[in-house]
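Here is the file entry-v3.csv (CSV, C-alpha atoms).
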```csv
chain,number,residue,atom,x,y,z
A,1,MET,CA,-76.7,209.6,68.1
A,2,GLY,CA,-78.1,206.3,66.9
A,3,GLU,CA,-80.5,204.4,69.3
A,4,ARG,CA,-80.0,201.0,67.7
A,5,THR,CA,-79.2,198.1,69.8
A,6,VAL,CA,-76.2,196.0,68.7
A,7,THR,CA,-76.1,192.2,68.8
A,8,LEU,CA,-73.1,191.0,70.7
A,9,GLY,CA,-71.2,187.7,70.8
A,10,GLU,CA,-70.1,185.9,73.9
A,11,PHE,CA,-66.6,187.4,73.9
A,12,ASP,CA,-67.9,190.9,73.4
A,13,ARG,CA,-70.0,190.5,76.5
A,14,GLN,CA,-67.0,189.2,78.5
A,15,LEU,CA,-65.0,192.2,77.3
A,16,LEU,CA,-67.7,194.6,78.4
A,17,ASP,CA,-68.3,192.8,81.7
A,18,GLU,CA,-64.8,192.2,82.8
A,19,TYR,CA,-62.6,195.0,81.4
A,20,GLN,CA,-64.4,198.2,82.2
A,21,HIS,CA,-61.6,198.6,84.8
A,22,GLY,CA,-58.3,196.8,85.3
A,23,LEU,CA,-57.0,196.9,81.8
A,24,PRO,CA,-53.6,195.1,82.3
A,25,LEU,CA,-50.7,197.5,82.7
A,26,GLU,CA,-48.1,195.5,80.9
A,27,PRO,CA,-46.5,195.7,77.5
A,28,ARG,CA,-49.1,193.5,75.7
A,29,PRO,CA,-52.4,194.1,77.6
A,30,PHE,CA,-54.6,192.6,74.9
A,31,ALA,CA,-52.6,189.4,74.8
A,32,ARG,CA,-53.2,189.0,78.5
A,33,ILE,CA,-56.9,189.5,78.0
A,34,ALA,CA,-56.8,187.0,75.1
A,35,ASP,CA,-55.2,184.4,77.4
A,36,ALA,CA,-57.9,184.9,80.0
A,37,LEU,CA,-60.7,184.6,77.4
A,38,GLY,CA,-59.0,181.7,75.5
A,39,ILE,CA,-58.9,183.5,72.2
A,40,SER,CA,-56.1,185.2,70.2
A,41,GLU,CA,-54.7,188.7,70.7
A,42,GLN,CA,-55.8,189.6,67.2
A,43,GLU,CA,-59.4,188.4,68.0
A,44,VAL,CA,-59.4,190.7,71.1
A,45,LEU,CA,-58.2,193.6,69.0
A,46,ASP,CA,-60.8,192.9,66.3
A,47,ALA,CA,-63.6,192.6,68.8
A,48,LEU,CA,-62.7,195.9,70.5
A,49,GLY,CA,-62.3,197.6,67.2
A,50,HIS,CA,-65.7,196.4,66.2
A,51,LEU,CA,-67.3,197.5,69.5
A,52,GLN,CA,-65.7,200.9,69.0
A,53,ASP,CA,-66.8,201.3,65.4
A,54,SER,CA,-70.3,200.3,66.2
A,55,GLY,CA,-70.5,202.8,69.0
A,56,VAL,CA,-71.0,200.3,71.8
A,57,ILE,CA,-67.9,201.6,73.5
A,58,SER,CA,-66.5,205.1,73.1
A,59,ARG,CA,-62.9,204.0,73.8
A,60,VAL,CA,-60.5,201.7,75.6
A,61,GLY,CA,-58.8,204.1,78.0
A,62,PRO,CA,-58.9,206.1,81.2
A,63,VAL,CA,-61.8,207.7,83.0
A,64,PHE,CA,-60.5,210.7,84.9
A,65,ARG,CA,-61.8,211.7,88.3
A,66,PRO,CA,-63.5,215.0,88.1
A,67,ASN,CA,-61.6,218.1,89.1
A,68,ARG,CA,-58.2,216.4,89.2
A,69,VAL,CA,-57.1,217.3,85.7
A,70,GLY,CA,-58.6,220.8,85.2
A,71,VAL,CA,-61.9,221.8,86.6
A,72,SER,CA,-65.5,221.0,85.6
A,73,THR,CA,-69.1,221.8,86.5
A,74,LEU,CA,-72.6,220.7,85.7
A,75,ALA,CA,-74.6,223.6,84.3
A,76,ALA,CA,-78.3,223.9,83.3
A,77,LEU,CA,-80.3,226.4,81.2
A,78,ALA,CA,-84.0,227.0,81.3
A,79,VAL,CA,-84.7,227.3,77.6
A,80,PRO,CA,-88.1,228.1,76.0
A,81,SER,CA,-89.0,224.9,74.2
A,82,GLU,CA,-89.2,226.4,70.7
A,83,SER,CA,-85.5,227.5,71.1
A,84,LEU,CA,-84.2,224.3,72.6
A,85,ALA,CA,-82.5,222.8,69.4
A,86,ARG,CA,-80.9,226.1,68.5
A,87,VAL,CA,-79.6,226.8,72.0
A,88,ALA,CA,-78.4,223.2,72.3
A,89,ASP,CA,-76.3,223.7,69.2
A,90,ILE,CA,-74.8,226.8,70.6
A,91,VAL,CA,-73.8,225.0,73.8
A,92,SER,CA,-72.5,221.8,72.0
A,93,ALA,CA,-70.3,223.9,69.8
A,94,PHE,CA,-68.0,224.7,72.8
A,95,THR,CA,-65.1,222.2,72.9
A,96,GLU,CA,-65.3,222.7,76.7
A,97,VAL,CA,-68.7,221.0,76.7
A,98,ASN,CA,-68.5,217.2,76.7
A,99,HIS,CA,-72.0,216.2,77.7
A,100,ASN,CA,-75.2,218.0,76.6
A,101,TYR,CA,-78.6,216.6,77.3
A,102,GLU,CA,-82.2,217.6,77.2
A,103,ARG,CA,-84.0,216.8,80.4
A,104,GLU,CA,-87.6,217.0,81.5
A,105,HIS,CA,-87.7,220.0,83.8
A,106,ARG,CA,-88.0,223.8,83.5
A,107,TYR,CA,-84.3,223.6,83.5
A,108,ASN,CA,-84.3,221.5,80.3
A,109,LEU,CA,-80.7,221.7,79.0
A,110,TRP,CA,-78.0,220.1,81.1
A,111,PHE,CA,-74.3,220.1,80.2
A,112,VAL,CA,-70.9,219.5,81.7
A,113,VAL,CA,-68.2,222.1,81.2
A,114,THR,CA,-64.6,221.2,81.6
A,115,ALA,CA,-61.8,223.7,81.6
A,116,ARG,CA,-58.1,224.0,82.6
A,117,ASP,CA,-58.7,226.3,85.6
A,118,PRO,CA,-61.6,228.1,87.4
A,119,GLU,CA,-61.1,231.4,85.5
A,120,HIS,CA,-61.5,229.7,82.2
A,121,LEU,CA,-64.5,227.8,83.4
A,122,GLU,CA,-66.2,231.0,84.5
A,123,GLN,CA,-65.3,232.6,81.1
A,124,VAL,CA,-67.0,229.7,79.3
A,125,LEU,CA,-70.2,230.0,81.4
A,126,ASP,CA,-70.2,233.8,80.8
A,127,THR,CA,-69.8,233.3,77.1
A,128,ILE,CA,-72.7,230.8,77.0
A,129,ALA,CA,-74.8,233.3,78.9
A,130,GLN,CA,-74.0,236.0,76.4
A,131,ARG,CA,-74.6,233.9,73.3
A,132,THR,CA,-77.9,232.3,74.6
A,133,GLY,CA,-79.2,235.2,76.6
A,134,LEU,CA,-79.9,232.8,79.4
A,135,LYS,CA,-78.2,232.5,82.8
A,136,PRO,CA,-76.8,229.0,83.6
A,137,LEU,CA,-77.2,227.3,86.9
A,138,ASP,CA,-73.6,226.5,88.0
A,139,LEU,CA,-73.5,223.3,90.0
A,140,PRO,CA,-69.9,222.2,90.7
A,141,MET,CA,-69.3,218.8,92.3
A,142,LEU,CA,-68.7,219.2,96.0
A,143,GLU,CA,-68.3,215.6,97.0
A,144,ASP,CA,-68.2,212.3,95.1
A,145,TYR,CA,-69.8,209.2,96.7
A,146,PHE,CA,-69.4,206.8,93.9
A,147,ILE,CA,-66.6,204.3,93.3
A,148,ASP,CA,-66.5,203.8,89.6
A,149,LEU,CA,-66.0,200.2,88.6
A,150,GLY,CA,-67.8,200.7,85.3
A,151,PHE,CA,-71.4,199.9,84.6
A,152,ARG,CA,-72.8,196.5,85.5
A,153,LEU,CA,-74.7,195.2,82.4
A,154,GLN,CA,-77.5,192.8,82.6
A,155,TRP,CA,-77.7,190.4,79.7
A,156,THR,CA,-81.2,188.9,80.3
B,1,MET,CA,-65.2,227.0,93.9
B,2,THR,CA,-61.7,226.3,95.1
B,3,VAL,CA,-59.9,223.6,93.2
B,4,THR,CA,-56.3,222.8,93.2
B,5,PRO,CA,-55.2,220.8,90.2
B,6,HIS,CA,-53.3,217.7,91.2
B,7,PRO,CA,-49.6,218.2,91.8
B,8,ALA,CA,-48.8,215.5,89.3
B,9,LEU,CA,-49.9,217.8,86.6
B,10,SER,CA,-47.2,220.3,87.1
B,11,ASP,CA,-45.0,217.8,85.3
B,12,PRO,CA,-45.2,218.5,81.5
B,13,GLN,CA,-44.6,214.9,80.6
B,14,GLN,CA,-47.5,213.8,82.8
B,15,ARG,CA,-49.7,216.4,81.1
B,16,ALA,CA,-48.6,215.2,77.6
B,17,LEU,CA,-49.4,211.6,78.7
B,18,ILE,CA,-52.9,212.6,79.8
B,19,GLU,CA,-53.5,214.3,76.5
B,20,ALA,CA,-52.2,211.3,74.6
B,21,ILE,CA,-54.4,208.8,76.4
B,22,GLN,CA,-57.6,210.7,77.1
B,23,GLY,CA,-59.2,209.9,73.7
B,24,GLY,CA,-58.4,206.2,74.2
B,25,LEU,CA,-55.5,203.8,73.7
B,26,PRO,CA,-54.6,202.6,70.2
B,27,LEU,CA,-56.0,199.2,69.6
B,28,ALA,CA,-52.7,197.6,68.7
B,29,PRO,CA,-50.6,194.9,70.4
B,30,ARG,CA,-48.4,197.3,72.2
B,31,PRO,CA,-50.5,200.4,72.9
B,32,TYR,CA,-48.3,201.8,75.7
B,33,ALA,CA,-45.2,201.7,73.4
B,34,LEU,CA,-47.2,203.6,70.7
B,35,ILE,CA,-48.3,206.2,73.2
B,36,GLY,CA,-44.7,206.5,74.4
B,37,GLU,CA,-43.4,207.1,70.8
B,38,LYS,CA,-45.8,210.0,70.5
B,39,ILE,CA,-44.6,211.8,73.6
B,40,GLY,CA,-41.0,210.7,73.9
B,41,LEU,CA,-41.3,208.2,76.7
B,42,ASN,CA,-40.4,204.5,76.6
B,43,GLU,CA,-43.0,201.8,77.1
B,44,ARG,CA,-42.0,201.0,80.7
B,45,GLU,CA,-42.2,204.7,81.6
B,46,VAL,CA,-45.7,205.1,80.1
B,47,ILE,CA,-46.9,202.1,82.1
B,48,ARG,CA,-45.4,203.4,85.3
B,49,ARG,CA,-46.9,206.8,84.9
B,50,ILE,CA,-50.4,205.4,84.2
B,51,ARG,CA,-50.1,203.2,87.3
B,52,ASP,CA,-49.1,206.3,89.3
B,53,LEU,CA,-52.1,208.3,88.0
B,54,LEU,CA,-54.4,205.3,89.0
B,55,GLU,CA,-52.8,205.1,92.5
B,56,GLN,CA,-53.2,208.9,93.0
B,57,GLY,CA,-56.8,208.7,91.9
B,58,VAL,CA,-56.3,211.1,89.0
B,59,ILE,CA,-57.5,208.2,86.8
B,60,LYS,CA,-60.6,206.5,88.2
B,61,ARG,CA,-60.5,203.4,86.0
B,62,LEU,CA,-58.7,202.2,82.9
B,63,GLY,CA,-60.6,200.0,80.6
B,64,VAL,CA,-63.5,199.7,78.2
B,65,VAL,CA,-65.8,202.8,78.3
B,66,VAL,CA,-69.4,201.7,77.4
B,67,ARG,CA,-72.1,203.8,75.8
B,68,HIS,CA,-75.3,202.8,77.5
B,69,ARG,CA,-77.8,203.8,74.8
B,70,GLN,CA,-76.3,201.5,72.2
B,71,LEU,CA,-76.8,198.5,74.5
B,72,GLY,CA,-80.5,199.0,75.1
B,73,TYR,CA,-80.1,201.1,78.2
B,74,ASP,CA,-82.1,203.8,76.5
B,75,ALA,CA,-83.5,205.5,79.5
B,76,ASN,CA,-81.4,207.6,81.9
B,77,ALA,CA,-82.6,209.8,84.6
B,78,MET,CA,-80.7,212.3,86.7
B,79,VAL,CA,-82.4,211.8,90.0
B,80,VAL,CA,-82.0,214.8,92.3
B,81,TRP,CA,-82.7,214.8,96.0
B,82,ASP,CA,-83.2,217.7,98.5
B,83,VAL,CA,-81.3,216.2,101.5
B,84,PRO,CA,-80.8,218.0,104.8
B,85,ASP,CA,-77.2,219.1,104.8
B,86,ALA,CA,-76.2,217.0,107.8
B,87,ARG,CA,-77.3,213.8,106.1
B,88,VAL,CA,-75.9,214.3,102.5
B,89,SER,CA,-72.7,212.2,103.1
B,90,GLU,CA,-74.5,209.4,104.8
B,91,LEU,CA,-77.2,209.1,102.1
B,92,GLY,CA,-74.8,209.7,99.3
B,93,ARG,CA,-72.7,206.8,100.4
B,94,CYS,CA,-75.7,204.6,100.7
B,95,ILE,CA,-77.0,205.5,97.2
B,96,GLY,CA,-73.5,205.3,95.6
B,97,GLU,CA,-73.2,201.6,96.4
B,98,PHE,CA,-76.0,200.5,94.1
B,99,PRO,CA,-74.8,198.9,90.9
B,100,PHE,CA,-77.3,200.7,88.7
B,101,VAL,CA,-76.2,204.1,90.0
B,102,THR,CA,-73.5,205.5,87.7
B,103,LEU,CA,-72.8,208.9,89.4
B,104,CYS,CA,-73.5,210.2,92.9
B,105,TYR,CA,-72.4,213.7,93.7
B,106,ARG,CA,-73.1,216.4,96.2
B,107,ARG,CA,-73.6,219.8,94.5
B,108,PRO,CA,-74.7,223.2,95.8
B,109,ARG,CA,-78.3,224.3,96.0
B,110,ARG,CA,-79.1,227.5,94.1
B,111,LEU,CA,-82.1,228.9,95.9
B,112,PRO,CA,-84.8,229.7,95.0
B,113,GLU,CA,-84.4,228.2,91.5
B,114,TRP,CA,-82.8,224.9,92.5
B,115,PRO,CA,-83.3,223.2,95.9
B,116,TYR,CA,-81.6,219.9,95.2
B,117,ASN,CA,-78.1,219.0,96.6
B,118,LEU,CA,-77.6,215.3,95.8
B,119,PHE,CA,-77.4,214.2,92.2
B,120,THR,CA,-77.5,210.6,91.1
B,121,MET,CA,-77.5,209.1,87.6
B,122,ILE,CA,-79.6,206.0,86.9
B,123,HIS,CA,-79.6,204.1,83.7
B,124,GLY,CA,-82.2,201.5,82.7
B,125,ARG,CA,-83.8,199.7,79.8
B,126,GLY,CA,-86.9,201.9,79.7
B,127,ARG,CA,-88.5,204.4,82.0
B,128,THR,CA,-90.3,201.8,84.1
B,129,GLU,CA,-87.0,200.1,85.0
B,130,VAL,CA,-85.4,203.4,86.0
B,131,LEU,CA,-88.4,204.3,88.2
B,132,LEU,CA,-88.3,200.9,89.9
B,133,ARG,CA,-84.7,201.5,90.7
B,134,VAL,CA,-85.5,204.8,92.2
B,135,ASP,CA,-88.1,203.1,94.4
B,136,GLU,CA,-85.5,200.6,95.4
B,137,LEU,CA,-83.2,203.4,96.5
B,138,VAL,CA,-86.0,205.0,98.5
B,139,GLN,CA,-86.7,201.8,100.3
B,140,CYS,CA,-83.2,200.7,100.9
B,141,CYS,CA,-81.7,204.0,102.0
B,142,SER,CA,-84.9,205.2,103.8
B,143,LEU,CA,-85.5,208.2,101.7
B,144,GLN,CA,-89.3,208.4,102.0
B,145,SER,CA,-89.2,211.9,103.5
B,146,ILE,CA,-86.6,213.3,101.1
B,147,PRO,CA,-88.1,215.3,98.2
B,148,HIS,CA,-86.7,214.1,94.9
B,149,ARG,CA,-87.3,214.3,91.1
B,150,ALA,CA,-86.3,212.1,88.2
B,151,LEU,CA,-85.2,214.2,85.2
B,152,PHE,CA,-85.4,211.9,82.2
B,153,SER,CA,-83.4,212.6,79.1
B,154,PRO,CA,-85.4,212.4,75.9
B,155,ARG,CA,-82.5,213.6,73.8
B,156,CYS,CA,-78.7,213.6,73.9
B,157,PHE,CA,-77.1,216.4,72.0
B,158,LYS,CA,-73.5,215.6,72.7
B,159,GLN,CA,-71.6,212.9,74.6
B,160,ARG,CA,-67.9,212.3,74.7
B,161,GLY,CA,-65.2,212.0,77.3
B,162,ALA,CA,-63.9,215.2,78.7
B,163,ARG,CA,-61.0,216.7,76.7
B,164,TYR,CA,-58.4,218.4,78.8
B,165,SER,CA,-56.1,220.7,77.0
B,166,VAL,CA,-53.5,221.0,79.7
B,167,ALA,CA,-50.3,221.0,77.7
B,168,ASP,CA,-51.1,224.1,75.7
B,169,ALA,CA,-53.4,226.7,77.3
B,170,GLN,CA,-53.9,228.4,73.9
B,171,THR,CA,-55.7,225.5,72.4
B,172,ALA,CA,-58.6,225.8,74.9
B,173,GLY,CA,-60.2,228.8,73.3
B,174,THR,CA,-64.0,229.1,73.7
B,175,GLY,CA,-66.5,228.7,71.0
B,176,GLU,CA,-64.6,226.6,68.6
B,177,LYS,CA,-66.9,225.2,66.0
B,178,ALA,CA,-66.3,221.5,66.8
B,179,ARG,CA,-69.5,219.6,66.4
B,180,SER,CA,-70.5,216.4,68.2
B,181,ARG,CA,-70.2,213.3,66.2
```
In structure tokens, write the structure found in this file.
Amino acid sequence: MGERTVTLGEFDRQLLDEYQHGLPLEPRPFARIADALGISEQEVLDALGHLQDSGVISRVGPVFRPNRVGVSTLAALAVPSESLARVADIVSAFTEVNHNYEREHRYNLWFVVTARDPEHLEQVLDTIAQRTGLKPLDLPMLEDYFIDLGFRLQWT
Amino acid sequence: MTVTPHPALSDPQQRALIEAIQGGLPLAPRPYALIGEKIGLNEREVIRRIRDLLEQGVIKRLGVVVRHRQLGYDANAMVVWDVPDARVSELGRCIGEFPFVTLCYRRPRRLPEWPYNLFTMIHGRGRTEVLLRVDELVQCCSLQSIPHRALFSPRCFKQRGARYSVADAQTAGTGEKARSR
């Protein structure tokens, strides 16, 4: 993914600061936001569309709590460095994998697997083990200590 | 792992709604009405059901989902801690309150390969900023005696919201050749 930094206007920043949670649950949510910001509904829609197209936001929508809809786990592989790109491609190709990162550790490939039930999850991990020849660490969440209100951005 | 999917999900319309909104709401004046048209619910019903999912905690938040890297938060570290079992909840709650922490989970150890049982995600503009934040956690939550490691991420291979295929089990086959954007 691109590593560019996007220049944002005042309303963009307000949208990012104030609407990471609490999107109005009423027929015209963007008109309500527009009223709060003192701009038009169309300007809010345009700004959000632009933020989405430029990759600053991935979506306007829900963030689900883990393990409420389906099940998920964090998994890691210790991949020989010369094989990392190839193994990462194998892992990313699974629709059940939604995050896949290189990290600086002997366990150097970390990914989240989401599935509809525990059996399916285990099957995905087994298939990954077969296709890569590496045994994943399976680290399911046991307890969540974080109340997600979105990410507090610092503008200076 | 014993996980019971939320009872709300035994309702097929609720599952259809989750599928319809998980990739994001349409950026249109009446997004809930458009979602409703797709799945055969009226606008008021869509709003009521989303409100229910929020109240039940199935949805954590509804709003703008930011991609950190595009905003200059180009460093992220998964900071892992080896905390005595009796203190995990206490320290997890302390760490989870900091605004720069974006995830804070207890996970199992896998000895001997993996001794760490508390996982936190910290984003920052550069490695130095992330490490300063780790120091701040150590000071504020008194973690001086707790072994930890900061696993920085030099590369992101894939990042998107989780996709739950709950309405049709057949679509969740493994190994589909869908590539990251």
Using all atoms listed in the file, I'd like a table of the residues in chain A that come within 7 Å of chain B; for each, show the closest atom pair and its distance in Å rounded to one decimal, ordered by chain and ascending number, as a tab-separated table.
```
residue	atom	partner	partner_atom	distance
A:Glu3	CA	B:Gln70	CA	5.9
A:Arg4	CA	B:Gln70	CA	5.8
A:Thr5	CA	B:Gln70	CA	5.1
A:Val6	CA	B:Leu71	CA	6.3
A:Leu16	CA	B:Val64	CA	6.6
A:Tyr19	CA	B:Gly63	CA	5.4
A:Gln20	CA	B:Val64	CA	4.4
A:His21	CA	B:Gly63	CA	4.5
A:Gly22	CA	B:Leu62	CA	5.9
A:Leu23	CA	B:Gly63	CA	4.9
A:Leu25	CA	B:Ile47	CA	6.0
A:Glu26	CA	B:Ile47	CA	6.8
A:Pro27	CA	B:Arg30	CA	5.9
A:Arg28	CA	B:Arg30	CA	5.2
A:Phe30	CA	B:Pro29	CA	6.4
A:Leu45	CA	B:Leu27	CA	6.0
A:Gly49	CA	B:Leu27	CA	6.9
A:Gly55	CA	B:Gln70	CA	6.8
A:Val56	CA	B:Arg67	CA	5.4
A:Ile57	CA	B:Val66	CA	4.2
A:Ser58	CA	B:Val65	CA	5.7
A:Arg59	CA	B:Gly24	CA	5.0
A:Val60	CA	B:Val64	CA	4.4
A:Gly61	CA	B:Gly24	CA	4.4
A:Pro62	CA	B:Leu62	CA	4.3
A:Val63	CA	B:Arg61	CA	5.4
A:Phe64	CA	B:Ile59	CA	4.3
A:Arg65	CA	B:Lys60	CA	5.3
A:Arg68	CA	B:Pro5	CA	5.4
A:Val69	CA	B:Pro5	CA	6.0
A:Gly70	CA	B:Pro5	CA	6.0
A:Ala88	CA	B:Phe157	CA	6.9
A:Ser92	CA	B:Lys158	CA	6.3
A:Ala93	CA	B:Lys177	CA	5.3
A:Phe94	CA	B:Gly175	CA	4.6
A:Thr95	CA	B:Glu176	CA	6.2
A:Asn98	CA	B:Arg160	CA	5.3
A:His99	CA	B:Gln159	CA	4.5
A:Asn100	CA	B:Lys158	CA	4.9
A:Tyr101	CA	B:Cys156	CA	4.5
A:Glu102	CA	B:Arg155	CA	5.3
A:Arg103	CA	B:Ser153	CA	4.4
A:Glu104	CA	B:Leu151	CA	5.2
A:His105	CA	B:Leu151	CA	6.5
A:Thr114	CA	B:Ala162	CA	6.7
A:Ala115	CA	B:Tyr164	CA	6.9
A:Arg116	CA	B:Val166	CA	6.2
A:Val124	CA	B:Thr174	CA	6.4
A:Leu139	CA	B:Arg107	CA	5.7
A:Pro140	CA	B:Arg107	CA	5.8
A:Met141	CA	B:Arg107	CA	4.9
A:Leu142	CA	B:Arg107	CA	5.2
A:Glu143	CA	B:Arg106	CA	4.9
A:Asp144	CA	B:Tyr105	CA	4.6
A:Tyr145	CA	B:Arg93	CA	5.3
A:Phe146	CA	B:Gly96	CA	4.7
A:Asp148	CA	B:Lys60	CA	6.6
A:Leu149	CA	B:Arg61	CA	6.9
A:Phe151	CA	B:Thr102	CA	6.7
A:Arg152	CA	B:Pro99	CA	6.2
```
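Here CA of Asp82 in chain B stands at a distance of 6.1 Å from CA of Ile146 in chain B.
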Test item: residues at most 8 Å from Arg133 in chain B, only C-alpha atoms, excluding those fewer than 4 positions along its chain, as a list in words: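 The residues that qualify are Phe100, Ile122, Glu129 and Leu137 of chain B.
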Nearest candidate to Tyr116 in chain B (options A:Leu137, A:Val113, A:Val79, A:Leu37; using all atoms listed in the file):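 Using all atoms listed in the file, Tyr116 in chain B sits closest to A:Leu137.
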Pairwise distance for CA of Ile35 in chain B and CA of Ala20 in chain B, rounded to one decimal in Å: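 Interatomic distance here is 6.6 Å.
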CA of Val134 in chain B to CA of Thr73 in chain A, straight-line distance in Å: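 Result for CA of Thr73 in chain A versus CA of Val134 in chain B: 24.3 Å, one decimal.
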Surrounding residues of Ala34 in chain A excluding itself and chain neighbours under 6 positions, 12 Å, all atoms listed in the file, as a ChimeraX atom specification: /A:11-12,14-15,19,23-24,28,40-48 /B:29
Long-range neighbours of Leu77 in chain A as a list in words, 7 Å cut-off, all atoms listed in the file, 5 positions minimum in chain: Tyr107, Asn108, Leu109, Trp110, Leu134, Lys135, Pro136 and Leu137 of chain A
Prev. selection, C-alpha atoms, output as a short mmCIF file (atom, residue, chain, number, x, y, z; two decimals), keeping the file's coordinate frame:
```
data_model
loop_
_atom_site.label_atom_id
_atom_site.label_comp_id
_atom_site.auth_asym_id
_atom_site.auth_seq_id
_atom_site.Cartn_x
_atom_site.Cartn_y
_atom_site.Cartn_z
CA TYR A 107 -84.30 223.60 83.50
CA ASN A 108 -84.30 221.50 80.30
CA LEU A 109 -80.70 221.70 79.00
CA TRP A 110 -78.00 220.10 81.10
CA LEU A 134 -79.90 232.80 79.40
CA LYS A 135 -78.20 232.50 82.80
CA PRO A 136 -76.80 229.00 83.60
CA LEU A 137 -77.20 227.30 86.90
#
```
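Each of B:Pro84, B:Gly40, B:Ala75, B:Asp52 was checked against Ser145 in chain B using all atoms listed in the file; the smallest atom-to-atom distance is that of B:Pro84.
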Nearest to Thr7 in chain A, chosen from A:Asp117, A:Asp138, A:Pro80, A:Ser54, with all atoms listed in the file counted in the distances: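 Closest residue, counting all atoms listed in the file: A:Ser54.
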Just add N, CA, C and O atoms to range 71-84 of chain A and send it as a tab-separated table (two decimals), keeping the file's coordinate frame.
```
chain	number	residue	atom	x	y	z
A	71	VAL	N	-60.76	221.59	85.78
A	71	VAL	CA	-61.90	221.80	86.60
A	71	VAL	C	-63.18	221.57	85.76
A	71	VAL	O	-63.12	221.71	84.55
A	72	SER	N	-64.29	221.21	86.42
A	72	SER	CA	-65.50	221.00	85.60
A	72	SER	C	-66.71	221.40	86.48
A	72	SER	O	-66.62	221.53	87.71
A	73	THR	N	-67.81	221.59	85.81
A	73	THR	CA	-69.10	221.80	86.50
A	73	THR	C	-70.22	221.32	85.71
A	73	THR	O	-70.10	221.10	84.50
A	74	LEU	N	-71.33	221.06	86.40
A	74	LEU	CA	-72.60	220.70	85.70
A	74	LEU	C	-73.37	222.04	85.63
A	74	LEU	O	-73.51	222.75	86.63
A	75	ALA	N	-73.87	222.33	84.44
A	75	ALA	CA	-74.60	223.60	84.30
A	75	ALA	C	-75.96	223.26	83.61
A	75	ALA	O	-76.12	222.23	82.95
A	76	ALA	N	-76.92	224.15	83.84
A	76	ALA	CA	-78.30	223.90	83.30
A	76	ALA	C	-78.83	225.27	82.83
A	76	ALA	O	-78.57	226.31	83.43
A	77	LEU	N	-79.60	225.21	81.75
A	77	LEU	CA	-80.30	226.40	81.20
A	77	LEU	C	-81.80	226.09	81.18
A	77	LEU	O	-82.19	224.96	80.84
A	78	ALA	N	-82.60	227.08	81.50
A	78	ALA	CA	-84.00	227.00	81.30
A	78	ALA	C	-84.37	227.62	79.94
A	78	ALA	O	-84.37	228.84	79.83
A	79	VAL	N	-84.57	226.79	78.94
A	79	VAL	CA	-84.70	227.30	77.60
A	79	VAL	C	-86.16	227.17	77.12
A	79	VAL	O	-86.78	226.12	77.30
A	80	PRO	N	-86.70	228.24	76.52
A	80	PRO	CA	-88.10	228.10	76.00
A	80	PRO	C	-88.05	226.97	74.94
A	80	PRO	O	-87.11	226.84	74.16
A	81	SER	N	-89.09	226.13	74.97
A	81	SER	CA	-89.00	224.90	74.20
A	81	SER	C	-88.80	225.10	72.71
A	81	SER	O	-88.10	224.33	72.06
A	82	GLU	N	-89.35	226.20	72.18
A	82	GLU	CA	-89.20	226.40	70.70
A	82	GLU	C	-87.74	226.75	70.36
A	82	GLU	O	-87.35	226.62	69.22
A	83	SER	N	-86.93	227.15	71.35
A	83	SER	CA	-85.50	227.50	71.10
A	83	SER	C	-84.56	226.39	71.43
A	83	SER	O	-83.34	226.55	71.28
A	84	LEU	N	-85.06	225.29	71.94
A	84	LEU	CA	-84.20	224.30	72.60
A	84	LEU	C	-83.10	223.78	71.59
A	84	LEU	O	-81.91	223.75	71.92
```
